[in-house]
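Engineer: What follows is start-v2.cif, mmCIF, C-alpha atoms.
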data_run
loop_
_atom_site.label_atom_id
_atom_site.label_comp_id
_atom_site.auth_asym_id
_atom_site.auth_seq_id
_atom_site.Cartn_x
_atom_site.Cartn_y
_atom_site.Cartn_z
CA MET A 129 8.75 22.71 4.86
CA ASN A 130 8.81 25.86 2.75
CA GLY A 131 9.03 26.16 -1.01
CA HIS A 132 6.92 25.40 -4.04
CA LEU A 133 5.17 22.34 -5.38
CA MET A 134 6.14 22.31 -9.03
CA HIS A 135 4.78 20.69 -12.20
CA LYS A 136 7.51 20.69 -14.81
CA ASN A 137 8.73 24.32 -14.60
CA ASP A 138 5.41 25.75 -13.41
CA ILE A 139 4.51 26.59 -9.82
CA VAL A 140 1.45 24.64 -8.72
CA SER A 141 1.29 25.90 -5.15
CA LYS A 142 3.36 27.73 -2.62
CA ILE A 143 4.12 25.63 0.46
CA GLU A 144 4.36 27.57 3.73
CA ASN A 145 5.27 25.69 6.90
CA GLY A 146 4.02 22.47 5.30
CA ILE A 147 0.70 24.01 4.25
CA VAL A 148 -0.56 23.99 0.66
CA VAL A 149 -1.46 27.63 -0.01
CA ASP A 150 -2.97 27.54 -3.51
CA ASN A 151 -5.54 25.23 -5.10
CA SER A 152 -4.86 25.33 -8.82
CA ASN A 153 -6.30 22.98 -11.44
CA MET A 154 -2.91 21.25 -11.73
CA LEU A 155 -2.73 20.37 -8.03
CA PRO A 156 -2.51 16.59 -7.40
CA LEU A 157 -5.99 15.21 -6.71
CA GLN A 158 -4.95 13.99 -3.27
CA LEU A 159 -3.98 17.52 -2.26
CA ARG A 160 -7.14 18.97 -3.78
CA LYS A 161 -9.08 16.71 -1.42
CA GLY A 162 -7.27 18.20 1.56
CA ALA A 163 -4.40 15.77 2.18
CA SER A 164 -1.29 17.26 3.77
CA ILE A 165 1.81 17.85 1.69
CA GLU A 166 3.73 15.57 4.07
CA GLY A 167 1.19 12.78 3.62
CA TRP A 168 1.35 13.18 -0.14
CA MET A 169 5.14 13.03 -0.10
CA GLU A 170 5.23 10.01 2.21
CA SER A 171 2.93 8.15 -0.20
CA ARG A 172 5.65 8.55 -2.86
CA ALA A 173 8.46 6.98 -0.81
CA ILE A 174 10.06 3.62 -1.52
CA ASP A 175 8.69 0.98 0.88
CA ARG A 176 11.07 1.05 3.84
CA HIS A 177 10.26 -2.61 4.60
CA ARG A 178 11.87 -3.77 1.37
CA THR A 179 15.28 -5.22 2.20
CA ASN A 180 16.88 -3.58 -0.81
CA SER A 181 15.45 -0.17 0.03
CA ARG A 182 17.54 -0.12 3.19
CA LEU A 183 20.65 -1.05 1.23
CA LEU A 184 19.85 1.55 -1.41
CA LYS A 185 19.71 4.31 1.20
CA LYS A 186 23.01 3.13 2.67
CA VAL A 187 24.70 3.08 -0.74
CA MET A 188 23.37 6.56 -1.51
CA ARG A 189 24.64 7.86 1.85
CA ILE A 190 21.13 8.71 3.08
CA THR A 191 21.44 8.92 6.86
CA ASP A 192 17.93 10.19 7.64
CA THR A 193 15.92 7.24 6.31
CA SER A 194 12.48 8.67 7.06
CA ASP A 195 10.02 8.70 4.19
CA ILE A 196 10.01 12.50 3.98
CA ALA A 197 13.80 12.77 3.89
CA THR A 198 14.02 9.98 1.31
CA VAL A 199 11.50 11.62 -0.98
CA LEU A 200 13.08 15.05 -0.63
CA ARG A 201 16.43 13.58 -1.69
CA ALA A 202 14.72 13.06 -5.07
CA HIS A 203 12.89 16.41 -4.84
CA ALA A 204 9.70 14.30 -4.57
CA ALA A 205 9.97 13.48 -8.28
CA THR A 206 8.83 10.17 -9.80
CA VAL A 207 9.02 8.49 -13.20
CA THR A 208 5.23 8.44 -13.56
CA ASP A 209 4.33 12.11 -13.18
CA ASN A 210 5.76 15.61 -13.54
CA TYR A 211 5.44 16.85 -9.94
CA TRP A 212 8.37 17.82 -7.74
CA PHE A 213 9.26 19.98 -4.77
CA LYS A 214 11.50 23.04 -4.92
CA ALA A 215 12.64 24.27 -1.52
CA ASP A 216 13.05 27.98 -0.83
CA GLY A 217 16.49 29.13 -1.89
CA GLU A 218 17.08 26.40 -4.47
CA GLU A 219 18.17 27.66 -7.89
CA ILE A 220 17.10 24.65 -9.96
CA GLU A 221 14.82 23.86 -12.89
CA TYR A 222 12.89 20.77 -13.91
CA LYS A 223 15.73 19.56 -16.12
CA ASP A 224 18.00 19.52 -13.07
CA ILE A 225 15.88 17.03 -11.12
CA LEU A 226 14.80 14.77 -13.99
CA PHE A 227 16.10 11.21 -13.72
CA ASN A 228 18.52 10.50 -16.55
CA ASP A 229 20.31 7.31 -15.51
CA ASP A 230 19.59 4.01 -13.81
CA SER A 231 22.85 3.61 -11.90
CA TYR A 232 21.16 2.32 -8.76
CA ALA A 233 18.75 -0.09 -10.48
CA ASP A 234 20.57 -3.27 -9.48
CA VAL A 235 20.84 -2.11 -5.89
CA ALA A 236 17.06 -1.77 -5.73
CA LEU A 237 16.33 -4.94 -7.70
CA PHE A 238 18.94 -7.43 -6.51
CA GLY A 239 20.70 -5.78 -3.58
CA THR A 240 23.96 -5.60 -5.54
CA PHE A 241 25.91 -2.52 -6.55
CA GLU A 242 28.62 -3.76 -8.92
CA ASN A 243 26.97 -1.78 -11.72
CA VAL A 244 26.84 1.55 -9.90
CA SER A 245 28.79 3.58 -12.41
CA SER A 246 31.59 4.97 -10.27
CA ALA A 247 32.99 5.36 -6.78
CA GLU A 248 32.51 9.09 -7.24
CA LYS A 249 28.76 8.55 -7.66
CA LEU A 250 28.73 6.37 -4.55
CA ASP A 251 30.36 9.14 -2.56
CA SER A 252 28.07 11.86 -3.86
CA LYS A 253 25.36 13.05 -1.50
CA ASN A 254 23.71 14.81 -4.41
CA SER A 255 23.18 11.76 -6.64
CA LYS A 256 19.55 11.05 -7.44
CA SER A 257 17.62 7.94 -8.35
CA PRO A 258 14.04 7.08 -9.39
CA GLU A 259 14.25 4.17 -6.94
CA LEU A 260 13.71 6.50 -3.99
CA THR A 261 10.15 7.11 -5.19
CA ASN A 262 9.47 3.66 -6.65
CA ILE A 263 6.63 2.45 -4.42
CA GLY A 264 5.36 -1.09 -3.79
CA SER A 265 6.33 -4.05 -1.63
CA PHE A 266 8.14 -6.18 -4.25
CA GLU A 267 11.82 -5.73 -5.08
CA LYS A 268 11.80 -3.71 -8.30
CA CYS A 269 13.60 -1.02 -10.23
CA TRP A 270 13.39 1.33 -13.19
CA LYS A 271 15.79 0.79 -16.10
CA LEU A 272 16.35 2.98 -19.15
CA HIS A 273 16.18 1.54 -22.66
CA ASP A 274 16.58 3.94 -25.60
CA GLY A 275 15.31 6.85 -23.53
CA LYS A 276 12.28 4.99 -22.17
CA TRP A 277 11.76 3.74 -18.63
CA PHE A 278 10.90 0.10 -17.98
CA MET A 279 9.85 -1.38 -14.66
CA TYR A 280 11.63 -4.60 -13.64
CA LYS A 281 9.96 -6.56 -10.85
CA ARG A 282 11.38 -9.70 -9.22
CA GLU A 283 8.82 -12.49 -8.99
CA THR A 284 8.52 -16.25 -8.62
CA GLU A 285 7.70 -18.18 -11.77
CA PHE A 286 4.09 -18.59 -10.60
CA GLU A 287 3.83 -14.80 -10.11
CA GLN A 288 5.45 -14.12 -13.48
CA PHE A 289 3.06 -16.51 -15.22
CA SER A 290 0.05 -14.91 -13.52
CA GLU A 291 1.11 -11.38 -14.47
CA ILE A 292 1.79 -12.27 -18.11
CA PHE A 293 -1.27 -14.50 -18.51
CA ILE A 294 -3.66 -11.86 -17.17
CA CYS A 295 -2.07 -9.25 -19.45
CA ARG A 296 -2.62 -11.43 -22.53
CA LEU A 297 -6.13 -12.48 -21.55
CA GLY A 298 -7.10 -8.83 -21.07
CA GLN A 299 -5.59 -7.98 -24.45
CA HIS A 300 -7.70 -10.76 -25.99
CA PHE A 301 -10.80 -9.02 -24.62
CA GLY A 302 -9.61 -5.69 -26.02
CA PHE A 303 -9.01 -4.20 -22.56
CA ASP A 304 -6.26 -1.65 -21.88
CA MET A 305 -3.49 -3.64 -20.20
CA ALA A 306 0.03 -2.82 -19.08
CA VAL A 307 2.16 -5.17 -21.18
CA TYR A 308 4.34 -7.61 -19.24
CA GLU A 309 7.08 -9.88 -20.55
CA LYS A 310 9.41 -12.33 -18.84
CA HIS A 311 13.07 -11.41 -18.35
CA ASP A 312 15.13 -13.90 -16.32
CA ASP A 313 13.53 -13.99 -12.87
CA CYS A 314 11.66 -10.73 -13.44
CA VAL A 315 8.77 -9.35 -15.41
CA ILE A 316 9.27 -6.07 -17.24
CA THR A 317 6.77 -3.47 -18.39
CA GLU A 318 7.16 -0.06 -20.03
CA ASP A 319 6.17 3.12 -18.22
CA PHE A 320 2.62 3.72 -19.47
CA THR A 321 2.66 7.48 -18.88
CA GLU A 322 4.38 7.63 -22.28
CA ASN A 323 7.43 9.55 -21.10
CA LYS A 324 5.38 11.86 -18.87
CA LYS A 325 2.71 12.72 -21.43
CA TYR A 326 0.35 11.84 -18.58
CA ASP A 327 0.48 12.15 -14.81
CA LEU A 328 -0.52 8.98 -12.98
CA GLU A 329 -2.87 9.59 -10.04
CA PRO A 330 -3.53 6.47 -7.92
CA ALA A 331 -7.10 5.91 -6.78
CA VAL A 332 -6.14 6.64 -3.18
CA ALA A 333 -6.17 10.28 -4.33
CA PHE A 334 -9.95 10.29 -4.74
CA VAL A 335 -11.31 7.35 -2.70
CA GLY A 336 -8.73 7.08 0.07
CA ASP A 337 -8.32 3.51 1.33
CA ASN A 338 -11.95 2.57 0.59
CA GLU A 339 -11.99 -0.38 -1.85
CA ASP A 340 -15.77 -0.50 -2.32
CA TYR A 341 -16.61 -1.11 -5.98
CA SER A 342 -19.65 1.17 -6.02
CA LEU A 343 -17.79 4.08 -4.46
CA SER A 344 -14.90 3.77 -6.90
CA TYR A 345 -17.29 3.48 -9.84
CA SER A 346 -19.24 6.58 -8.82
CA LYS A 347 -16.08 8.64 -8.26
CA LEU A 348 -14.70 7.60 -11.65
CA PHE A 349 -18.05 8.32 -13.31
CA GLU A 350 -17.65 11.93 -12.15
CA PHE A 351 -14.56 12.14 -14.37
CA ALA A 352 -16.24 10.43 -17.37
CA PRO A 353 -18.61 7.50 -17.99
CA GLU A 354 -16.06 5.73 -20.20
CA ILE A 355 -13.49 5.85 -17.39
CA ALA A 356 -15.98 4.24 -15.02
CA SER A 357 -16.81 1.55 -17.59
CA ASP A 358 -13.10 0.74 -17.91
CA TYR A 359 -13.00 0.30 -14.13
CA VAL A 360 -15.73 -2.33 -14.46
CA LYS A 361 -13.51 -4.18 -16.94
CA LEU A 362 -10.68 -3.99 -14.40
CA ILE A 363 -12.67 -5.58 -11.59
CA PHE A 364 -14.12 -8.15 -14.02
CA MET A 365 -10.54 -9.26 -14.72
CA ASP A 366 -9.79 -9.30 -10.99
CA THR A 367 -12.84 -11.50 -10.40
CA LEU A 368 -12.10 -13.83 -13.29
CA CYS A 369 -8.43 -14.28 -12.41
CA PHE A 370 -8.73 -14.20 -8.63
CA ASN A 371 -6.79 -11.01 -7.94
CA MET A 372 -7.30 -10.46 -4.22
CA ASP A 373 -4.72 -7.67 -4.12
CA ARG A 374 -6.52 -4.84 -5.92
CA HIS A 375 -6.20 -1.78 -3.72
CA THR A 376 -6.31 1.97 -4.17
CA ASN A 377 -2.61 2.31 -4.91
CA ASN A 378 -2.52 -0.17 -7.83
CA TYR A 379 -5.15 1.35 -10.05
CA GLY A 380 -5.81 4.95 -10.92
CA VAL A 381 -6.29 7.57 -13.61
CA LEU A 382 -4.07 9.35 -16.10
CA ARG A 383 -4.25 13.14 -16.29
CA ASP A 384 -3.17 15.20 -19.29
CA ALA A 385 0.18 16.68 -18.30
CA ASN A 386 -0.64 19.95 -20.09
CA THR A 387 -4.17 20.61 -18.84
CA GLY A 388 -4.61 18.51 -15.70
CA GLU A 389 -7.74 16.91 -17.17
CA VAL A 390 -8.42 13.29 -16.22
CA VAL A 391 -8.45 11.57 -19.62
CA LYS A 392 -8.57 7.83 -18.94
CA LEU A 393 -8.16 4.98 -16.52
CA ALA A 394 -4.58 3.81 -16.18
CA PRO A 395 -3.95 0.47 -17.93
CA ASN A 396 -4.62 -2.62 -15.82
CA PHE A 397 -1.37 -3.33 -13.96
CA ASP A 398 0.00 -5.22 -10.96
CA ASN A 399 -1.56 -8.67 -11.24
CA ASN A 400 1.20 -10.80 -9.78
CA ILE A 401 -0.74 -11.70 -6.62
CA ALA A 402 -3.50 -13.44 -8.57
CA LEU A 403 -4.34 -16.67 -10.43
CA ILE A 404 -1.71 -19.27 -9.37
CA SER A 405 0.68 -16.88 -7.62
CA ARG A 406 0.09 -18.58 -4.27
CA GLY A 407 0.04 -22.11 -5.64
CA TYR A 408 -2.64 -24.55 -6.74
CA THR A 409 -5.91 -24.84 -4.88
CA SER A 410 -9.13 -26.51 -5.92
CA THR A 411 -10.47 -25.48 -9.33
CA ASP A 412 -14.00 -25.78 -7.96
CA VAL A 413 -15.63 -22.38 -7.51
CA SER A 414 -18.17 -21.85 -4.76
CA ASP A 415 -21.04 -19.38 -4.95
CA LYS A 416 -19.57 -18.03 -1.72
CA ASP A 417 -16.28 -17.13 -3.40
CA LEU A 418 -15.60 -13.61 -2.08
CA LEU A 419 -14.60 -11.92 -5.33
CA ILE A 420 -17.47 -13.46 -7.29
CA ALA A 421 -19.93 -12.53 -4.52
CA LEU A 422 -18.65 -8.93 -4.51
CA TRP A 423 -18.83 -8.75 -8.30
CA ASN A 424 -22.36 -10.15 -8.51
CA GLU A 425 -23.52 -7.84 -5.74
CA PHE A 426 -22.02 -4.83 -7.49
CA ILE A 427 -23.58 -5.70 -10.86
CA ASN A 428 -26.98 -6.64 -9.44
CA LYS A 429 -27.37 -3.63 -7.14
CA SER A 430 -26.17 -0.95 -9.52
CA ASP A 431 -27.25 0.37 -12.90
CA VAL A 432 -23.93 -0.62 -14.46
CA LYS A 433 -24.27 -2.02 -17.95
CA PHE A 434 -21.68 -4.71 -18.59
CA GLU A 435 -21.75 -7.42 -21.24
CA LYS A 436 -19.57 -10.34 -20.25
CA PRO A 437 -17.13 -10.99 -23.11
CA ILE A 438 -17.20 -14.39 -24.79
CA LEU A 439 -14.45 -16.71 -23.64
CA GLU A 440 -13.77 -20.16 -25.08
CA ARG A 441 -11.71 -22.85 -23.40
CA GLU A 442 -9.47 -23.10 -26.46
CA THR A 443 -8.60 -19.40 -26.14
CA VAL A 444 -7.53 -19.80 -22.53
CA GLN A 445 -5.47 -22.85 -23.47
CA ASN A 446 -3.74 -21.01 -26.31
CA ILE A 447 -2.88 -18.05 -24.07
CA ALA A 448 -1.49 -20.36 -21.37
CA ASN A 449 0.55 -22.28 -23.96
CA SER A 450 2.02 -19.04 -25.33
CA ILE A 451 3.86 -18.42 -22.05
CA ASP A 452 7.15 -20.27 -21.74
CA ILE A 453 6.94 -20.96 -18.01
CA ASP A 454 6.53 -24.46 -16.61
CA VAL A 455 3.21 -24.49 -14.75
CA ASP A 456 0.17 -26.79 -14.77
CA LYS A 457 -1.62 -25.18 -17.70
CA LYS A 458 -4.58 -27.56 -17.59
CA TYR A 459 -5.17 -26.37 -14.03
CA VAL A 460 -5.03 -22.74 -15.20
CA VAL A 461 -7.59 -23.39 -17.93
CA ASP A 462 -9.95 -25.22 -15.55
CA PHE A 463 -9.54 -22.55 -12.90
CA VAL A 464 -10.31 -19.64 -15.23
CA MET A 465 -13.18 -21.32 -17.08
CA ASN A 466 -14.86 -22.40 -13.82
CA ARG A 467 -14.70 -18.84 -12.53
CA TYR A 468 -15.97 -17.53 -15.86
CA GLN A 469 -19.06 -19.73 -15.60
CA LYS A 470 -19.87 -18.33 -12.14
CA ILE A 471 -19.66 -14.68 -13.16
#
Could you render the structure as structure tokens?

Structural biologist:
Amino acid sequence: MNGHLMHKNDIVSKIENGIVVDNSNMLPLQLRKGASIEGWMESRAIDRHRTNSRLLKKVMRITDTSDIATVLRAHAATVTDNYWFKADGEEIEYKDILFNDDSYADVALFGTFENVSSAEKLDSKNSKSPELTNIGSFEKCWKLHDGKWFMYKRETEFEQFSEIFICRLGQHFGFDMAVYEKHDDCVITEDFTENKKYDLEPAVAFVGDNEDYSLSYSKLFEFAPEIASDYVKLIFMDTLCFNMDRHTNNYGVLRDANTGEVVKLAPNFDNNIALISRGYTSTDVSDKDLLIALWNEFINKSDVKFEKPILERETVQNIANSIDIDVDKKYVVDFVMNRYQKI
């Protein structure tokens, strides 16, 4: 692998035989920590275990379905940052690799390709799609609306309700939340990098696969105290709403796309495996509840200052009632308020 890692039209680093040669301020955090360029690229690939990802590659005439080959087909570009790879000998600029249509969205989302714009595009081995670097295990896609990218994610009604409810509860607290709305059997949310004003860096870039609260907090504190305090709000919401699926690829930081400076925590996103997503269980909350135990341990053993926001039962009821999805809303209210009392 020889060429240049690019950021917009600027060279970030020369790549020689798969080795990152330079260590500029604009280098992705994961590479600054010593990760290989191949590992970084593979982390950007569509999940090969998704049924629709296999169909997408077939429709796009991708015969080498390895993660590296898939990512390179898109020049390693994504919707949520400005990085890309330019191989030696390529005479291209950033504008040439930018995604400008969503022709393959329905292939990625539903496994159908009636809306792929033309047979010519189907036959083209040079066609590109943001779906090739759209990570995550759920069937999803990016769609363009008035020049802005929106994520569509297929979910059950319980998962949709959980995602939307947690968004609105976090907004009630004044927390920075990715905004989710229902659309048929999907939820949709706008790209929060604000059309590449920011570069999203997932937490795996600076903590690896380690999900320890204290480690994440300390690493984020190195960027800025306010970023670390926003992380505490994130894990408070996870604890309150029983999000067992927080991992180092579904939270992260936003870097200024002009300076490379880490400016804030990314909005709270990806809450569909939480709350009632896996059905109804008991609303009773034990002191041995794992998330509550981890939260209490983190708060009690650290010098973190966190004031639990006030939450009234009526507020939870009103938020639940505002979502037009048929679930047991009394259960939701009991579940959340019981967990709130234990935190």

Engineer: Around all listed atoms of range 366-375 of chain A, padded 6 Å per side, what centre and edge lengths does the axis-aligned box have in Å to one decimal, as AutoDock Vina command-line options?

Structural biologist:
--center_x -8.8 --center_y -8.0 --center_z -8.5 --size_x 20.1 --size_y 24.5 --size_z 21.6

Engineer: Given only C-alpha atoms as the basis, pick out the residue of A:Asp304, A:Glu287, A:Asp462, A:Asp313 nearest to Leu393 in chain A.

Structural biologist: A:Asp304

Engineer: Hey, can you check how far CA of Glu259 in chain A sits from CA of Asn378 in chain A?

Structural biologist: 17.3 Å

Engineer: Would you compute the distance between CA of Val235 in chain A and CA of His311 in chain A? Give it in Å to one decimal.

Structural biologist: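 Between CA of Val235 in chain A and CA of His311 in chain A the gap is 17.4 Å.
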
Engineer: Provide the CA of Asn449 in chain A to CA of Ser290 in chain A distance in Å, to one decimal place.

Structural biologist: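 Separation of CA of Asn449 in chain A and CA of Ser290 in chain A: 12.8 Å.
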
Engineer: Name all residues at most 9 Å from Asp373 in chain A (count all atoms listed in the file; drop same-chain ones fewer than 3 positions away) and give them as an NGL selection string.

Structural biologist: :A and (366 or 370 or 378 or 398-402)

Engineer: Would you kindly translate the PyMOL selection byres ((chain A and resi 210) around 12) into the concrete residues it picks from this file, as an MDAnalysis selection string?

Structural biologist: chainID A and resid 133:140 154:156 203:209 211:213 222:223 225:227 321:329 382:386 388
